[in-house]
Amino acid sequence: MHGTPARYLILIDASGAMTARLFDAERRPLGDFDASSEEVAVMTQGLRAAAGADAPDWDKALAGHNASERRGAEVFTLDI
């Protein structure tokens, strides 16, 4: 997956800590980092988040998160 562009950025609670998770267009994970980092502000500038990541197309990618965490997530579709 080296060089695969990120398509989605999800801000999600992970056991009490907000985490930023990057996924490619096929919803394969590319990396996780602290959601309070400056990179999140840069990546989301001018974008509007969709509320919740509880749609079935996120089931596999977010299998480690409970329903409440997924409902509370913010999903950004990144410009690639």
# chains A, B, ... in the order shown; residues from 1 in each chain; ligands from 1
call {"tool": "select_by_dssp", "arguments": {"residues": "chain A", "states": "strand (DSSP E or B)", "output": "list in words"}}
result
Tyr8, Leu9, Ile10, Leu11, Ile12, Asp13, Ala14, Ala17, Met18, Thr19, Ala20, Arg21, Leu22, Phe23, Pro29, Leu30, Gly31, Asp32, Phe33, Asp34, Ala50, Ala51, Glu74, Val75, Phe76 and Thr77 of chain A
call {"tool": "write_last_selection", "arguments": {"atoms": "C-alpha atoms", "output": "PDB file, in the first residue's frame"}}
result
ATOM      1  CA  TYR A   8     -10.890   9.311   4.038  1.00  0.00           C
ATOM      2  CA  LEU A   9      -9.964  10.831   7.368  1.00  0.00           C
ATOM      3  CA  ILE A  10     -12.064   9.716  10.310  1.00  0.00           C
ATOM      4  CA  LEU A  11     -11.954  11.411  13.689  1.00  0.00           C
ATOM      5  CA  ILE A  12     -13.170   8.855  16.195  1.00  0.00           C
ATOM      6  CA  ASP A  13     -13.085   8.247  19.924  1.00  0.00           C
ATOM      7  CA  ALA A  14     -10.829   5.307  20.691  1.00  0.00           C
ATOM      8  CA  ALA A  17      -8.880   9.525  23.182  1.00  0.00           C
ATOM      9  CA  MET A  18      -9.776  11.176  19.886  1.00  0.00           C
ATOM     10  CA  THR A  19      -7.909   9.467  17.092  1.00  0.00           C
ATOM     11  CA  ALA A  20      -7.482  10.410  13.442  1.00  0.00           C
ATOM     12  CA  ARG A  21      -7.566   7.386  11.143  1.00  0.00           C
ATOM     13  CA  LEU A  22      -6.644   7.493   7.462  1.00  0.00           C
ATOM     14  CA  PHE A  23      -8.111   5.100   4.885  1.00  0.00           C
ATOM     15  CA  PRO A  29      -6.234   1.555   6.878  1.00  0.00           C
ATOM     16  CA  LEU A  30      -3.224   3.732   6.126  1.00  0.00           C
ATOM     17  CA  GLY A  31      -2.399   5.063   9.574  1.00  0.00           C
ATOM     18  CA  ASP A  32      -3.600   6.480  12.880  1.00  0.00           C
ATOM     19  CA  PHE A  33      -2.484   9.553  14.804  1.00  0.00           C
ATOM     20  CA  ASP A  34      -3.630  11.999  17.486  1.00  0.00           C
ATOM     21  CA  ALA A  50     -20.174  13.719   7.409  1.00  0.00           C
ATOM     22  CA  ALA A  51     -21.587  12.712  10.769  1.00  0.00           C
ATOM     23  CA  GLU A  74     -16.616  12.559  11.822  1.00  0.00           C
ATOM     24  CA  VAL A  75     -15.808  11.357   8.301  1.00  0.00           C
ATOM     25  CA  PHE A  76     -13.919  13.632   5.916  1.00  0.00           C
ATOM     26  CA  THR A  77     -13.535  12.776   2.247  1.00  0.00           C
TER      27      THR A  77
END
call {"tool": "select_by_dssp", "arguments": {"residues": "range 4-69 of chain A", "states": "helix (DSSP H, G or I)", "output": "ChimeraX atom specification"}}
result
/A:38-44,56-58,67-69
call {"tool": "atom_distance", "arguments": {"atom1": "CA of Ala61 in chain A", "atom2": "CA of Ala25 in chain A"}}
result
11.5 Å
call {"tool": "atom_distance", "arguments": {"atom1": "CA of Ala55 in chain A", "atom2": "CA of Ala73 in chain A"}}
result
11.3 Å
call {"tool": "atom_distance", "arguments": {"atom1": "CA of Arg48 in chain A", "atom2": "CA of Arg7 in chain A"}}
result
13.9 Å
call {"tool": "decode", "arguments": {"residues": "range 38-51 of chain A", "atoms": "N, CA and C atoms", "output": "short mmCIF file (atom, residue, chain, number, x, y, z; two decimals), in the first residue's frame"}}
result
data_model
loop_
_atom_site.label_atom_id
_atom_site.label_comp_id
_atom_site.auth_asym_id
_atom_site.auth_seq_id
_atom_site.Cartn_x
_atom_site.Cartn_y
_atom_site.Cartn_z
N GLU A 38 -1.73 19.12 14.45
CA GLU A 38 -1.86 20.18 13.45
C GLU A 38 -2.21 19.62 12.08
N GLU A 39 -1.77 18.41 11.79
CA GLU A 39 -2.04 17.80 10.49
C GLU A 39 -3.54 17.67 10.21
N VAL A 40 -4.32 17.41 11.25
CA VAL A 40 -5.77 17.29 11.07
C VAL A 40 -6.35 18.62 10.60
N ALA A 41 -5.93 19.71 11.21
CA ALA A 41 -6.43 21.03 10.80
C ALA A 41 -6.05 21.33 9.35
N VAL A 42 -4.85 20.98 8.97
CA VAL A 42 -4.39 21.21 7.59
C VAL A 42 -5.18 20.34 6.61
N MET A 43 -5.34 19.08 6.94
CA MET A 43 -6.02 18.14 6.03
C MET A 43 -7.50 18.44 5.85
N THR A 44 -8.13 19.01 6.87
CA THR A 44 -9.58 19.23 6.83
C THR A 44 -9.97 20.65 6.48
N GLN A 45 -9.00 21.50 6.25
CA GLN A 45 -9.29 22.90 5.93
C GLN A 45 -10.20 22.98 4.71
N GLY A 46 -11.34 23.63 4.88
CA GLY A 46 -12.29 23.80 3.78
C GLY A 46 -13.19 22.61 3.53
N LEU A 47 -13.03 21.54 4.29
CA LEU A 47 -13.86 20.35 4.11
C LEU A 47 -14.95 20.30 5.17
N ARG A 48 -16.04 19.66 4.84
CA ARG A 48 -17.13 19.45 5.77
C ARG A 48 -17.24 17.96 6.09
N ALA A 49 -17.35 17.66 7.36
CA ALA A 49 -17.42 16.25 7.78
C ALA A 49 -18.83 15.71 7.66
N ALA A 50 -18.91 14.46 7.32
CA ALA A 50 -20.17 13.72 7.41
C ALA A 50 -20.24 13.17 8.83
N ALA A 51 -21.42 13.19 9.40
CA ALA A 51 -21.59 12.71 10.77
C ALA A 51 -21.78 11.20 10.79
#
